[in-house]
Amino acid sequence: MESDSLEGETCLSVSRVSVKLLSLQRLCHLDMVYVRHITAAVLPQQEVRLDRQEVSRTLNRMFHSVSQEVEGHVTEEAAEETSSLMFTLYDRSQSGFISAASLQTALISLSAETPLLKYTALLSVAEDGSGSVSRSGLRSLLQDLSLVVQEDSRVFGSVEAALTSCFNKVSCCYGYRLFTACPSVRTSGTPSAATPARSG
């Protein structure tokens, strides 16, 4: 009975998340944005911390590349509305800065890309430069994702539990439940990471 209750709660939470993400996607005009547009907009030499002007410039580059493919889809307010959401999510202290990694994470998760390509792109954000994902890199990625989703950790699992599972080669359900598809992850200090699977 308890297992059935938890599964029902999980289904409801996944449905809530899906509706929320679709709403945010449309609000920010990201329903025609793909990973290629995001990666092209983020400059290789871009600073780790971005102020509002830098975020706006990045978003304008991204939406400009979209408008080259889908004429008339992006409005003039798109970059402003998306920037406002990014700072609401990631600048709780109102410092006027957010991290470039957080910006990429949110844009990728809200993009129109397929779940598999989203997951691949998100892992590239978390990589430490050697092609591996460190514990701290994965923690930052999952924390950024949790701010986008903002759902009950009892259902999706905590970030720390997901880290322990991944680095101990146990099933990692956190990302699985968020994106429904998860390729294998190569993590620092381990030959390979576990493939996400549903918990029993």
# chains A, B, ... in the order shown; residues from 1 in each chain; ligands from 1

$ residues_around --residues "Ile108 in chain A" --least-positions-apart "2" --cutoff "8 Å" --atoms "only C-alpha atoms" --output "NGL selection string"
:A and (34-35 or 38 or 104-106 or 110-111 or 113 or 118 or 121-122)

$ write_last_selection --atoms "N, CA, C and O atoms" --output "PDB file, in the first residue's frame"
ATOM      1  N   TYR A  34      16.967  25.022 -29.291  1.00  0.00           N
ATOM      2  CA  TYR A  34      17.620  23.721 -29.163  1.00  0.00           C
ATOM      3  C   TYR A  34      19.037  23.915 -28.613  1.00  0.00           C
ATOM      4  O   TYR A  34      19.538  25.041 -28.544  1.00  0.00           O
ATOM      5  N   VAL A  35      19.650  22.822 -28.225  1.00  0.00           N
ATOM      6  CA  VAL A  35      20.980  22.888 -27.619  1.00  0.00           C
ATOM      7  C   VAL A  35      21.970  23.613 -28.517  1.00  0.00           C
ATOM      8  O   VAL A  35      22.822  24.363 -28.045  1.00  0.00           O
ATOM      9  N   ILE A  38      21.907  27.259 -27.890  1.00  0.00           N
ATOM     10  CA  ILE A  38      22.445  27.637 -26.580  1.00  0.00           C
ATOM     11  C   ILE A  38      23.966  27.599 -26.590  1.00  0.00           C
ATOM     12  O   ILE A  38      24.625  28.548 -26.148  1.00  0.00           O
ATOM     13  N   GLN A 104      23.252  28.104 -18.447  1.00  0.00           N
ATOM     14  CA  GLN A 104      23.211  27.033 -19.435  1.00  0.00           C
ATOM     15  C   GLN A 104      22.307  25.897 -18.982  1.00  0.00           C
ATOM     16  O   GLN A 104      21.541  25.344 -19.771  1.00  0.00           O
ATOM     17  N   THR A 105      22.402  25.534 -17.701  1.00  0.00           N
ATOM     18  CA  THR A 105      21.602  24.435 -17.175  1.00  0.00           C
ATOM     19  C   THR A 105      20.112  24.712 -17.331  1.00  0.00           C
ATOM     20  O   THR A 105      19.346  23.854 -17.788  1.00  0.00           O
ATOM     21  N   ALA A 106      19.695  25.921 -16.953  1.00  0.00           N
ATOM     22  CA  ALA A 106      18.276  26.269 -17.058  1.00  0.00           C
ATOM     23  C   ALA A 106      17.818  26.309 -18.512  1.00  0.00           C
ATOM     24  O   ALA A 106      16.738  25.791 -18.846  1.00  0.00           O
ATOM     25  N   LEU A 110      14.994  23.742 -20.170  1.00  0.00           N
ATOM     26  CA  LEU A 110      13.733  24.308 -20.658  1.00  0.00           C
ATOM     27  C   LEU A 110      13.652  24.347 -22.184  1.00  0.00           C
ATOM     28  O   LEU A 110      12.642  24.798 -22.729  1.00  0.00           O
ATOM     29  N   SER A 111      14.676  23.879 -22.861  1.00  0.00           N
ATOM     30  CA  SER A 111      14.694  23.920 -24.314  1.00  0.00           C
ATOM     31  C   SER A 111      13.754  22.875 -24.911  1.00  0.00           C
ATOM     32  O   SER A 111      13.185  22.039 -24.197  1.00  0.00           O
ATOM     33  N   GLU A 113      14.711  20.552 -26.861  1.00  0.00           N
ATOM     34  CA  GLU A 113      15.556  19.419 -27.235  1.00  0.00           C
ATOM     35  C   GLU A 113      14.990  18.099 -26.699  1.00  0.00           C
ATOM     36  O   GLU A 113      14.180  18.086 -25.772  1.00  0.00           O
ATOM     37  N   LYS A 118      19.346  16.558 -24.163  1.00  0.00           N
ATOM     38  CA  LYS A 118      19.406  17.448 -23.004  1.00  0.00           C
ATOM     39  C   LYS A 118      20.376  16.888 -21.969  1.00  0.00           C
ATOM     40  O   LYS A 118      21.214  17.615 -21.427  1.00  0.00           O
ATOM     41  N   ALA A 121      23.957  17.268 -23.030  1.00  0.00           N
ATOM     42  CA  ALA A 121      24.386  18.664 -22.937  1.00  0.00           C
ATOM     43  C   ALA A 121      24.587  19.086 -21.490  1.00  0.00           C
ATOM     44  O   ALA A 121      25.530  19.817 -21.165  1.00  0.00           O
ATOM     45  N   LEU A 122      23.716  18.621 -20.598  1.00  0.00           N
ATOM     46  CA  LEU A 122      23.847  18.967 -19.182  1.00  0.00           C
ATOM     47  C   LEU A 122      25.125  18.380 -18.592  1.00  0.00           C
ATOM     48  O   LEU A 122      25.805  19.027 -17.786  1.00  0.00           O
TER      49      LEU A 122
END

$ residues_around --residues "His64 in chain A" --least-positions-apart "4" --cutoff "10 Å" --atoms "only C-alpha atoms" --output "ChimeraX atom specification"
/A:37,41,58-60,68-71,74,79

$ atom_distance --atom1 "CA of Leu50 in chain A" --atom2 "CA of Phe97 in chain A"
5.2 Å

$ atom_distance --atom1 "CA of Leu147 in chain A" --atom2 "CA of Met86 in chain A"
10.2 Å

$ closest_residue --among "A:Leu27, A:Leu43, A:Val133, A:Ala162" --to "Ser83 in chain A" --atoms "only C-alpha atoms"
A:Leu27

$ select_by_dssp --residues "range 19-162 of chain A" --states "strand (DSSP E or B)" --output "MDAnalysis selection string"
chainID A and resid 49:51 97:99 133

$ residues_around --residues "Arg49 in chain A" --least-positions-apart "2" --cutoff "7 Å" --atoms "only C-alpha atoms" --output "list in words"
Glu47, Asp51, Phe97, Ile98, Ser99 and Ala100 of chain A

$ write_last_selection --atoms "C-alpha atoms" --output "PDB file, in the first residue's frame"
ATOM      1  CA  GLU A  47      33.166  34.769 -17.450  1.00  0.00           C
ATOM      2  CA  ASP A  51      25.793  40.289 -14.749  1.00  0.00           C
ATOM      3  CA  PHE A  97      25.177  38.055 -10.916  1.00  0.00           C
ATOM      4  CA  ILE A  98      24.427  34.450 -11.861  1.00  0.00           C
ATOM      5  CA  SER A  99      26.830  31.736 -12.960  1.00  0.00           C
ATOM      6  CA  ALA A 100      27.251  30.872 -16.639  1.00  0.00           C
TER       7      ALA A 100
END

$ atom_distance --atom1 "CA of Ala126 in chain A" --atom2 "CA of Leu138 in chain A"
5.9 Å

$ decode --residues "range 70-92 of chain A" --atoms "N, CA, C and O atoms" --output "PDB file, in the first residue's frame"
ATOM      1  N   VAL A  70      13.604  30.265 -37.673  1.00  0.00           N
ATOM      2  CA  VAL A  70      12.142  30.361 -37.548  1.00  0.00           C
ATOM      3  C   VAL A  70      11.769  31.837 -37.503  1.00  0.00           C
ATOM      4  O   VAL A  70      11.712  32.446 -36.445  1.00  0.00           O
ATOM      5  N   GLU A  71      11.503  32.394 -38.639  1.00  0.00           N
ATOM      6  CA  GLU A  71      11.240  33.830 -38.734  1.00  0.00           C
ATOM      7  C   GLU A  71       9.956  34.207 -38.000  1.00  0.00           C
ATOM      8  O   GLU A  71       8.928  33.538 -38.133  1.00  0.00           O
ATOM      9  N   GLY A  72      10.045  35.244 -37.201  1.00  0.00           N
ATOM     10  CA  GLY A  72       8.866  35.756 -36.519  1.00  0.00           C
ATOM     11  C   GLY A  72       8.508  35.042 -35.234  1.00  0.00           C
ATOM     12  O   GLY A  72       7.562  35.432 -34.551  1.00  0.00           O
ATOM     13  N   HIS A  73       9.257  34.000 -34.848  1.00  0.00           N
ATOM     14  CA  HIS A  73       8.904  33.259 -33.640  1.00  0.00           C
ATOM     15  C   HIS A  73       9.286  34.023 -32.373  1.00  0.00           C
ATOM     16  O   HIS A  73       8.533  34.038 -31.403  1.00  0.00           O
ATOM     17  N   VAL A  74      10.440  34.666 -32.393  1.00  0.00           N
ATOM     18  CA  VAL A  74      10.957  35.311 -31.186  1.00  0.00           C
ATOM     19  C   VAL A  74      10.539  36.769 -31.139  1.00  0.00           C
ATOM     20  O   VAL A  74      10.725  37.521 -32.100  1.00  0.00           O
ATOM     21  N   THR A  75       9.978  37.179 -30.009  1.00  0.00           N
ATOM     22  CA  THR A  75       9.569  38.578 -29.825  1.00  0.00           C
ATOM     23  C   THR A  75      10.724  39.377 -29.227  1.00  0.00           C
ATOM     24  O   THR A  75      11.703  38.813 -28.733  1.00  0.00           O
ATOM     25  N   GLU A  76      10.588  40.693 -29.256  1.00  0.00           N
ATOM     26  CA  GLU A  76      11.633  41.553 -28.702  1.00  0.00           C
ATOM     27  C   GLU A  76      11.750  41.383 -27.191  1.00  0.00           C
ATOM     28  O   GLU A  76      12.803  41.632 -26.609  1.00  0.00           O
ATOM     29  N   GLU A  77      10.667  40.947 -26.555  1.00  0.00           N
ATOM     30  CA  GLU A  77      10.664  40.787 -25.100  1.00  0.00           C
ATOM     31  C   GLU A  77      11.250  39.458 -24.644  1.00  0.00           C
ATOM     32  O   GLU A  77      11.415  39.238 -23.438  1.00  0.00           O
ATOM     33  N   ALA A  78      11.544  38.557 -25.564  1.00  0.00           N
ATOM     34  CA  ALA A  78      11.967  37.201 -25.194  1.00  0.00           C
ATOM     35  C   ALA A  78      13.196  37.194 -24.294  1.00  0.00           C
ATOM     36  O   ALA A  78      13.212  36.538 -23.244  1.00  0.00           O
ATOM     37  N   ALA A  79      14.236  37.926 -24.690  1.00  0.00           N
ATOM     38  CA  ALA A  79      15.468  37.945 -23.904  1.00  0.00           C
ATOM     39  C   ALA A  79      15.240  38.561 -22.529  1.00  0.00           C
ATOM     40  O   ALA A  79      15.761  38.057 -21.523  1.00  0.00           O
ATOM     41  N   GLU A  80      14.446  39.622 -22.471  1.00  0.00           N
ATOM     42  CA  GLU A  80      14.180  40.296 -21.199  1.00  0.00           C
ATOM     43  C   GLU A  80      13.408  39.379 -20.243  1.00  0.00           C
ATOM     44  O   GLU A  80      13.729  39.289 -19.049  1.00  0.00           O
ATOM     45  N   GLU A  81      12.390  38.697 -20.772  1.00  0.00           N
ATOM     46  CA  GLU A  81      11.581  37.816 -19.938  1.00  0.00           C
ATOM     47  C   GLU A  81      12.397  36.616 -19.447  1.00  0.00           C
ATOM     48  O   GLU A  81      12.279  36.191 -18.289  1.00  0.00           O
ATOM     49  N   THR A  82      13.231  36.081 -20.324  1.00  0.00           N
ATOM     50  CA  THR A  82      14.062  34.939 -19.939  1.00  0.00           C
ATOM     51  C   THR A  82      15.112  35.349 -18.924  1.00  0.00           C
ATOM     52  O   THR A  82      15.370  34.637 -17.950  1.00  0.00           O
ATOM     53  N   SER A  83      15.717  36.514 -19.119  1.00  0.00           N
ATOM     54  CA  SER A  83      16.706  37.019 -18.171  1.00  0.00           C
ATOM     55  C   SER A  83      16.085  37.205 -16.796  1.00  0.00           C
ATOM     56  O   SER A  83      16.684  36.862 -15.771  1.00  0.00           O
ATOM     57  N   SER A  84      14.871  37.748 -16.763  1.00  0.00           N
ATOM     58  CA  SER A  84      14.181  37.954 -15.496  1.00  0.00           C
ATOM     59  C   SER A  84      13.975  36.639 -14.756  1.00  0.00           C
ATOM     60  O   SER A  84      14.190  36.549 -13.536  1.00  0.00           O
ATOM     61  N   LEU A  85      13.594  35.599 -15.486  1.00  0.00           N
ATOM     62  CA  LEU A  85      13.405  34.285 -14.863  1.00  0.00           C
ATOM     63  C   LEU A  85      14.720  33.735 -14.339  1.00  0.00           C
ATOM     64  O   LEU A  85      14.781  33.191 -13.226  1.00  0.00           O
ATOM     65  N   MET A  86      15.788  33.879 -15.112  1.00  0.00           N
ATOM     66  CA  MET A  86      17.085  33.349 -14.694  1.00  0.00           C
ATOM     67  C   MET A  86      17.557  33.979 -13.380  1.00  0.00           C
ATOM     68  O   MET A  86      18.054  33.290 -12.487  1.00  0.00           O
ATOM     69  N   PHE A  87      17.376  35.272 -13.248  1.00  0.00           N
ATOM     70  CA  PHE A  87      17.805  35.956 -12.024  1.00  0.00           C
ATOM     71  C   PHE A  87      16.869  35.642 -10.849  1.00  0.00           C
ATOM     72  O   PHE A  87      17.306  35.602  -9.702  1.00  0.00           O
ATOM     73  N   THR A  88      15.598  35.397 -11.146  1.00  0.00           N
ATOM     74  CA  THR A  88      14.673  34.978 -10.095  1.00  0.00           C
ATOM     75  C   THR A  88      15.076  33.617  -9.540  1.00  0.00           C
ATOM     76  O   THR A  88      15.046  33.382  -8.326  1.00  0.00           O
ATOM     77  N   LEU A  89      15.495  32.716 -10.422  1.00  0.00           N
ATOM     78  CA  LEU A  89      15.878  31.368 -10.012  1.00  0.00           C
ATOM     79  C   LEU A  89      17.220  31.337  -9.287  1.00  0.00           C
ATOM     80  O   LEU A  89      17.365  30.651  -8.264  1.00  0.00           O
ATOM     81  N   TYR A  90      18.200  32.067  -9.804  1.00  0.00           N
ATOM     82  CA  TYR A  90      19.582  31.862  -9.379  1.00  0.00           C
ATOM     83  C   TYR A  90      20.230  33.023  -8.635  1.00  0.00           C
ATOM     84  O   TYR A  90      21.367  32.902  -8.185  1.00  0.00           O
ATOM     85  N   ASP A  91      19.549  34.134  -8.515  1.00  0.00           N
ATOM     86  CA  ASP A  91      20.133  35.263  -7.781  1.00  0.00           C
ATOM     87  C   ASP A  91      19.266  35.601  -6.580  1.00  0.00           C
ATOM     88  O   ASP A  91      18.732  36.702  -6.457  1.00  0.00           O
ATOM     89  N   ARG A  92      19.141  34.636  -5.676  1.00  0.00           N
ATOM     90  CA  ARG A  92      18.293  34.827  -4.492  1.00  0.00           C
ATOM     91  C   ARG A  92      18.835  35.933  -3.581  1.00  0.00           C
ATOM     92  O   ARG A  92      18.081  36.579  -2.862  1.00  0.00           O
TER      93      ARG A  92
END
